[in-house]
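Here's protein-v1.cif, which has mmCIF, C-alpha atoms:
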```cif
data_upload
loop_
_atom_site.label_atom_id
_atom_site.label_comp_id
_atom_site.auth_asym_id
_atom_site.auth_seq_id
_atom_site.Cartn_x
_atom_site.Cartn_y
_atom_site.Cartn_z
CA MET A 821 0.00 0.00 0.00
CA PRO A 822 1.52 3.37 -1.03
CA LEU A 823 2.50 5.76 1.74
CA ASP A 824 0.21 8.55 0.50
CA VAL A 825 -2.78 6.19 0.58
CA ILE A 826 -1.93 5.14 4.14
CA VAL A 827 -1.61 8.77 5.31
CA LEU A 828 -4.97 9.75 3.80
CA VAL A 829 -6.74 6.69 5.21
CA LEU A 830 -5.32 7.50 8.65
CA PHE A 831 -6.55 11.09 8.32
CA GLY A 832 -9.95 9.69 7.40
CA ALA A 833 -9.80 7.52 10.52
CA LEU A 834 -9.23 10.67 12.60
CA LEU A 835 -12.29 12.29 11.01
CA HIS A 836 -14.32 9.14 11.69
CA ALA A 837 -13.39 9.13 15.35
CA THR A 838 -14.24 12.83 15.63
CA TRP A 839 -17.78 12.54 14.30
CA ASN A 840 -18.40 9.46 16.42
CA ALA A 841 -17.33 11.46 19.48
CA LEU A 842 -19.91 14.10 18.55
CA VAL A 843 -22.65 11.48 18.42
CA LYS A 844 -21.53 9.95 21.71
CA ALA A 845 -21.55 13.36 23.40
CA GLY A 846 -25.12 14.07 22.30
CA SER A 847 -28.19 13.37 24.42
CA GLU A 848 -30.32 12.02 21.54
CA LYS A 849 -28.10 9.52 19.78
CA SER A 850 -30.56 8.46 17.08
CA LEU A 851 -31.35 12.05 16.11
CA ASP A 852 -27.71 13.07 16.36
CA ALA A 853 -26.75 10.24 14.01
CA ALA A 854 -29.44 11.43 11.58
CA MET A 855 -28.06 14.96 11.93
CA ILE A 856 -24.60 13.71 10.97
CA ALA A 857 -26.05 12.12 7.84
CA LEU A 858 -27.94 15.33 7.03
CA GLY A 859 -24.80 17.40 7.54
CA ALA A 860 -22.90 15.15 5.15
CA ALA A 861 -25.60 15.64 2.51
CA ALA A 862 -25.55 19.42 3.03
CA VAL A 863 -21.78 19.49 2.53
CA ALA A 864 -22.04 17.27 -0.57
CA VAL A 865 -24.68 19.25 -2.48
CA PRO A 866 -22.58 22.34 -3.42
CA PHE A 867 -19.90 20.18 -5.05
CA LEU A 868 -22.21 18.04 -7.21
CA PRO A 869 -22.47 20.50 -10.18
CA PHE A 870 -18.70 20.44 -10.57
CA LEU A 871 -18.31 16.67 -10.79
CA PRO A 872 -19.37 14.12 -13.40
CA LEU A 873 -22.32 11.88 -12.68
CA PRO A 874 -21.46 8.32 -11.62
CA THR A 875 -21.83 5.81 -14.43
CA SER A 876 -25.21 4.10 -14.82
CA ARG A 877 -23.77 0.86 -13.45
CA ALA A 878 -22.98 2.58 -10.12
CA TRP A 879 -26.53 3.74 -9.28
CA PRO A 880 -27.78 0.37 -7.99
CA PHE A 881 -24.82 0.39 -5.61
CA ILE A 882 -25.69 3.91 -4.43
CA LEU A 883 -29.27 2.81 -3.69
CA ALA A 884 -28.12 -0.36 -1.91
CA SER A 885 -25.60 1.68 0.11
CA ALA A 886 -28.37 4.01 1.32
CA VAL A 887 -30.29 1.07 2.75
CA PHE A 888 -27.22 -0.34 4.48
CA GLN A 889 -26.30 3.09 5.86
CA PHE A 890 -29.81 3.48 7.28
CA VAL A 891 -29.54 0.13 9.07
CA TYR A 892 -26.01 1.00 10.22
CA PHE A 893 -27.04 4.24 11.92
CA GLN A 894 -30.02 2.56 13.57
CA LEU A 895 -27.83 -0.22 14.96
CA VAL A 896 -25.20 2.28 16.14
CA ALA A 897 -27.82 4.10 18.21
CA ALA A 898 -29.33 0.85 19.54
CA SER A 899 -25.91 -0.55 20.43
CA TYR A 900 -24.91 2.57 22.39
CA ARG A 901 -28.19 2.48 24.27
CA ALA A 902 -27.61 -1.18 25.21
CA GLY A 903 -23.95 -1.10 26.18
CA ASP A 904 -20.81 0.91 26.82
CA ILE A 905 -18.96 2.39 23.85
CA GLY A 906 -15.78 0.66 25.08
CA LEU A 907 -17.45 -2.66 24.27
CA VAL A 908 -19.66 -1.78 21.33
CA TYR A 909 -17.33 0.32 19.16
CA PRO A 910 -14.37 -2.11 19.16
CA LEU A 911 -16.65 -5.03 18.32
CA MET A 912 -18.33 -3.19 15.45
CA ARG A 913 -15.14 -1.83 13.98
CA GLY A 914 -12.94 -4.84 14.77
CA VAL A 915 -15.10 -7.66 13.45
CA ALA A 916 -16.08 -5.94 10.18
CA PRO A 917 -12.61 -6.03 8.56
CA LEU A 918 -12.22 -9.64 9.64
CA ILE A 919 -15.37 -10.45 7.67
CA VAL A 920 -14.09 -8.51 4.67
CA ALA A 921 -10.65 -10.13 4.82
CA ALA A 922 -12.17 -13.61 5.07
CA THR A 923 -14.47 -13.13 2.07
CA SER A 924 -12.68 -10.67 -0.24
CA SER A 925 -11.17 -13.38 -2.44
CA ILE A 926 -14.66 -14.79 -3.09
CA ILE A 927 -16.60 -11.53 -3.52
CA VAL A 928 -14.15 -9.22 -5.29
CA GLY A 929 -11.43 -11.66 -6.33
CA GLU A 930 -8.65 -9.99 -4.35
CA GLU A 931 -5.82 -12.20 -3.17
CA LEU A 932 -4.02 -10.68 -0.20
CA SER A 933 -0.35 -11.21 0.54
CA SER A 934 0.64 -12.98 3.73
CA GLY A 935 1.99 -9.68 5.07
CA ALA A 936 -1.30 -7.90 4.38
CA VAL A 937 -3.24 -10.70 6.11
CA ALA A 938 -0.89 -10.45 9.10
CA GLY A 939 -1.41 -6.70 9.27
CA ILE A 940 -5.20 -7.01 9.03
CA MET A 941 -5.34 -9.65 11.74
CA THR A 942 -3.02 -7.65 13.99
CA ILE A 943 -5.10 -4.48 13.69
CA CYS A 944 -8.29 -6.41 14.38
CA ALA A 945 -6.71 -8.07 17.41
CA GLY A 946 -5.72 -4.67 18.74
CA VAL A 947 -9.18 -3.21 18.22
CA LEU A 948 -10.88 -6.19 19.82
CA THR A 949 -8.52 -5.95 22.80
CA LEU A 950 -10.28 -2.74 23.78
CA ALA A 951 -13.51 -4.67 24.28
CA PHE A 952 -11.97 -6.38 27.31
CA GLU A 953 -11.62 -3.08 29.17
CA SER A 954 -15.38 -2.62 29.30
CA ARG A 955 -17.56 -4.45 31.78
CA LYS A 956 -20.79 -2.61 30.90
CA GLY A 957 -23.35 -4.06 28.57
CA GLY A 958 -24.06 -7.73 28.05
CA LYS A 959 -25.21 -10.20 25.49
CA HIS A 960 -27.76 -7.87 23.89
CA ALA A 961 -25.20 -5.12 23.27
CA MET A 962 -22.71 -7.60 21.85
CA LEU A 963 -25.28 -9.10 19.48
CA LEU A 964 -26.22 -5.64 18.21
CA ALA A 965 -22.56 -4.74 17.71
CA LEU A 966 -21.83 -7.98 15.86
CA ALA A 967 -24.91 -7.49 13.67
CA ASN A 968 -23.66 -4.04 12.79
CA ALA A 969 -20.23 -5.45 11.96
CA CYS A 970 -21.96 -7.53 9.29
CA VAL A 971 -23.72 -4.42 7.99
CA ILE A 972 -20.41 -2.53 7.89
CA ALA A 973 -18.83 -5.36 5.90
CA CYS A 974 -21.76 -5.29 3.47
CA TYR A 975 -21.62 -1.58 2.74
CA THR A 976 -17.82 -1.76 2.52
CA TYR A 977 -18.20 -4.16 -0.39
CA VAL A 978 -21.09 -2.27 -1.97
CA ASP A 979 -19.30 1.07 -1.88
CA GLY A 980 -15.88 -0.34 -2.67
CA ILE A 981 -17.20 -1.90 -5.87
CA GLY A 982 -19.51 1.03 -6.60
CA ALA A 983 -16.69 3.57 -6.32
CA ARG A 984 -14.53 1.55 -8.68
CA ILE A 985 -17.14 1.33 -11.45
CA SER A 986 -18.52 4.85 -10.94
CA GLY A 987 -15.75 6.52 -12.90
CA ASN A 988 -15.10 9.00 -10.08
CA ALA A 989 -14.85 7.96 -6.42
CA ILE A 990 -15.49 11.50 -5.14
CA SER A 991 -18.66 11.87 -7.21
CA TYR A 992 -19.87 8.47 -6.01
CA THR A 993 -19.27 9.45 -2.38
CA LEU A 994 -21.17 12.74 -2.68
CA TRP A 995 -24.19 11.21 -4.42
CA MET A 996 -24.16 8.30 -1.97
CA ALA A 997 -24.45 10.78 0.91
CA LEU A 998 -27.80 12.20 -0.26
CA LEU A 999 -30.14 9.27 0.38
CA PRO A 1000 -29.38 8.07 3.97
CA PRO A 1001 -30.66 11.26 5.68
CA VAL A 1002 -33.92 11.00 3.71
CA LEU A 1003 -34.49 7.51 5.12
CA LEU A 1004 -33.30 8.44 8.61
CA PHE A 1005 -35.46 11.53 8.95
CA THR A 1006 -38.50 9.85 7.45
CA TRP A 1007 -38.13 7.18 10.11
CA ALA A 1008 -37.57 9.82 12.82
CA PHE A 1009 -40.70 11.75 11.77
CA ILE A 1010 -42.75 8.54 11.95
CA ARG A 1011 -41.37 7.52 15.35
CA ARG A 1012 -41.05 10.89 17.13
CA GLY A 1013 -43.21 13.37 15.24
CA VAL A 1014 -42.24 16.26 13.01
CA LYS A 1015 -42.07 19.07 15.58
CA PRO A 1016 -39.68 17.39 18.08
CA VAL A 1017 -37.33 16.36 15.29
CA LEU A 1018 -37.28 19.83 13.72
CA ARG A 1019 -36.70 21.36 17.15
CA HIS A 1020 -33.64 19.14 17.58
CA VAL A 1021 -32.38 20.16 14.14
CA ARG A 1022 -32.68 23.87 14.99
CA GLN A 1023 -30.83 23.43 18.28
CA HIS A 1024 -28.03 21.16 17.08
CA TRP A 1025 -27.54 22.02 13.40
CA TRP A 1026 -23.88 22.87 14.04
CA ARG A 1027 -23.22 19.38 15.40
CA GLY A 1028 -24.64 17.81 12.27
CA LEU A 1029 -22.75 20.13 9.93
CA ILE A 1030 -19.36 19.60 11.58
CA GLY A 1031 -19.89 15.88 12.08
CA GLY A 1032 -21.33 15.48 8.60
CA ALA A 1033 -18.30 17.09 7.00
CA GLY A 1034 -16.06 14.75 9.00
CA SER A 1035 -18.17 11.72 8.11
CA LEU A 1036 -18.22 12.54 4.41
CA GLY A 1037 -14.50 13.30 4.34
CA ALA A 1038 -13.62 10.12 6.22
CA TYR A 1039 -15.65 7.85 3.99
CA GLY A 1040 -14.67 9.64 0.80
CA LEU A 1041 -11.00 9.12 1.57
CA ALA A 1042 -11.64 5.43 2.29
CA LEU A 1043 -13.52 4.91 -0.99
CA TRP A 1044 -10.80 6.71 -2.93
CA ALA A 1045 -8.22 4.48 -1.23
CA MET A 1046 -10.22 1.40 -2.26
CA THR A 1047 -9.63 2.38 -5.89
CA LYS A 1048 -5.87 2.34 -5.22
CA ALA A 1049 -5.47 -0.60 -2.82
CA PRO A 1050 -7.25 -3.84 -1.83
CA VAL A 1051 -10.64 -3.31 -0.15
CA ALA A 1052 -9.76 -5.59 2.77
CA THR A 1053 -6.51 -3.74 3.47
CA VAL A 1054 -8.19 -0.32 3.46
CA ALA A 1055 -11.06 -1.61 5.59
CA ALA A 1056 -8.61 -2.82 8.23
CA LEU A 1057 -6.49 0.34 8.21
CA ARG A 1058 -9.63 2.45 8.72
CA GLU A 1059 -10.12 0.77 12.08
CA THR A 1060 -7.16 2.71 13.46
CA SER A 1061 -9.90 5.29 14.13
CA ILE A 1062 -10.22 3.60 17.52
CA LEU A 1063 -6.78 4.97 18.43
CA PHE A 1064 -7.89 8.50 17.68
CA ALA A 1065 -11.07 7.85 19.64
CA VAL A 1066 -8.95 6.80 22.62
CA VAL A 1067 -6.88 10.00 22.38
CA ILE A 1068 -10.03 12.11 22.14
CA SER A 1069 -11.53 10.36 25.15
CA ILE A 1070 -8.39 11.01 27.22
CA VAL A 1071 -7.59 14.57 26.15
CA PHE A 1072 -11.06 16.04 25.71
CA LEU A 1073 -13.38 13.78 27.71
CA LYS A 1074 -10.86 13.26 30.54
CA GLU A 1075 -11.37 9.50 30.65
CA ARG A 1076 -8.91 7.18 32.35
CA VAL A 1077 -5.99 5.47 30.60
CA SER A 1078 -6.14 1.71 31.14
CA VAL A 1079 -3.67 -1.08 30.48
CA TRP A 1080 -6.03 -2.46 27.83
CA ARG A 1081 -5.99 0.83 25.92
CA ILE A 1082 -2.21 1.05 25.96
CA ALA A 1083 -1.88 -2.57 24.85
CA ALA A 1084 -4.44 -2.12 22.08
CA ALA A 1085 -2.75 1.05 20.82
CA SER A 1086 0.58 -0.78 20.56
CA VAL A 1087 -0.95 -3.75 18.72
CA ILE A 1088 -2.83 -1.53 16.25
CA ALA A 1089 0.31 0.51 15.54
CA LEU A 1090 2.16 -2.74 14.83
CA GLY A 1091 -0.61 -3.80 12.44
CA ALA A 1092 -0.39 -0.51 10.56
CA LEU A 1093 3.37 -1.02 10.21
CA LEU A 1094 2.83 -4.55 8.85
CA LEU A 1095 0.42 -3.20 6.25
CA ARG A 1096 2.99 -0.61 5.18
CA LEU A 1097 5.67 -3.29 4.79
CA ALA A 1098 3.38 -5.78 3.03
#
```
How does the structure come out when it is put into structure tokens?
Amino acid sequence: MPLDVIVLVLFGALLHATWNALVKAGSEKSLDAAMIALGAAAVAVPFLPFLPLPTSRAWPFILASAVFQFVYFQLVAASYRAGDIGLVYPLMRGVAPLIVAATSSIIVGEELSSGAVAGIMTICAGVLTLAFESRKGGKHAMLLALANACVIACYTYVDGIGARISGNAISYTLWMALLPPVLLFTWAFIRRGVKPVLRHVRQHWWRGLIGGAGSLGAYGLALWAMTKAPVATVAALRETSILFAVVISIVFLKERVSVWRIAAASVIALGALLLRLA
């Protein structure tokens, strides 16, 4: 994997951790997640006139991605309600690249080198190590997190393939960002009513705009990287976002530093090095 691709994926991981921290800090996680999706769409719209349309073959992937993204955000909110983020986030982000790595040769015909496999497994081991530091949440939270890991693996494939055949990964990313907030807010209006949802939007629009820009940037960089490197490798390297999340939790949220976090950080850093050397 080229160094410039690694650097941009790592920057995307930082953006991913940042918008997740915004959702975690909010009081209404489902609505805040919808706000992030809406913010991403708002950031995408001004750029669309300056980019070519995705090819016709990419549109079914954009539609499928919207459905998976809707399910993803719903499961994120449900998982955080059921268990601690220290358990849920590592499981979601750690198991997904394992699924992709195990199936990439079948689905997209990518054969990974032994070094790349070692790097992927090492990063996943480091991410999953963080789950041991949490003692909150039980079976229900773990099942939700594992279900979402499957959803993450699905949209990773859908968007990885879609970006490659779209003709322009940036254009694909921006158009892909438009549909999830439509589904999320339609669902929110049905469940909560129009007035409460609009009140939340008026009060927290800045959270959605900042988080949406970070979300769109993070995923756009990942999809671009998937046009330059194997999907499974990029998917694993993205999970270094947990390291940035740990730093954010320590520096800004004043959370404790545990042995598990230090161990996980070391293992993930080793995995990133293995990917670079592969």
Exercise. Need the neighbours of (-25.4, 9.8, -4.5): which residues are at most 12 Å away, counting all atoms listed in the file, as an MDAnalysis selection string?
Worked result: chainID A and resid 860:861 864:865 867:868 871:876 878:886 979 982:983 986 988:1002 1036 1040
For this session: Extract, using only C-alpha atoms, all DNA, RNA and protein residues at most 12 Å from segment 1003-1006 of chain A, discarding same-chain residues fewer than 6 positions from it, and format them as JSON, numbers by chain.
Result: {"A": [850, 851, 852, 853, 854, 855, 856, 857, 858, 883, 885, 886, 887, 888, 889, 890, 891, 892, 893, 894, 897, 997, 1012, 1013, 1014, 1016, 1017, 1018, 1020, 1021]}
For this session: May I ask which of the residues A:Ala965, A:Met941, A:Ala862, A:Val1067 is the closest one to Asp904 of chain A, counting only C-alpha atoms?
Result: A:Ala965
Exercise. If you count only C-alpha atoms, which residues fall within 9 Å of Trp1080 of chain A, apart from same-chain ones fewer than 6 positions away, as a list in words?
Worked result: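 In the requested form, the answer reads Thr949, Leu950, Ala951, Phe952 and Glu953 of chain A.
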Restricting the output to C-alpha atoms, write the selected residues as an mmCIF file, keeping the file's coordinate frame.
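For reference, selection_38.cif as written:
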```cif
data_model
loop_
_atom_site.group_PDB
_atom_site.id
_atom_site.type_symbol
_atom_site.label_atom_id
_atom_site.label_comp_id
_atom_site.auth_asym_id
_atom_site.auth_seq_id
_atom_site.Cartn_x
_atom_site.Cartn_y
_atom_site.Cartn_z
ATOM 1 C CA THR A 949 -8.520 -5.950 22.800
ATOM 2 C CA LEU A 950 -10.280 -2.740 23.780
ATOM 3 C CA ALA A 951 -13.510 -4.670 24.280
ATOM 4 C CA PHE A 952 -11.970 -6.380 27.310
ATOM 5 C CA GLU A 953 -11.620 -3.080 29.170
#
```
For this session: Between atom CA of Leu835 of chain A and atom CA of Leu1095 of chain A, measure the distance and give it in Å to one decimal.
Result: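 Result for atom CA of Leu835 of chain A versus atom CA of Leu1095 of chain A: 20.6 Å, one decimal.
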For this session: Please write the residues picked by the PyMOL selection byres ((chain A and resi 921-931) around 9) on this file as a PyMOL selection string.
Result: chain A and resi 916-920+932-933+937+940-941+977+981+1050-1053+1055-1056
For this session: Tell me which residues the PyMOL selection byres ((chain A and resi 822) around 9) grabs here, as a count of residues only.
Result: 9
Adding 6 Å on each side of the box along x, y and z that holds all listed atoms of segment 1045-1053 of chain A, could you give its centre and edge lengths in Å to one decimal, as JSON?
```
{"center_x": -8.1, "center_y": -0.6, "center_z": -1.2, "size_x": 17.2, "size_y": 22.1, "size_z": 21.4}
```
Problem set entry | Residue contacts of Ala1038 of chain A (12 Å, all atoms listed in the file) excluding same-chain residues fewer than 6 positions away, as an MDAnalysis selection string | chainID A and resid 828:840 860 990 993:994 1031:1032 1044:1045 1058:1059 1061
Problem set entry | All residues 12 Å or closer to Arg1081 of chain A, all atoms listed in the file, same chain fewer than 5 positions away omitted, as a VMD selection string | chain A and resid 906 910 946 to 954 1062 to 1067 1069 to 1070 1075 to 1076 1086 to 1088
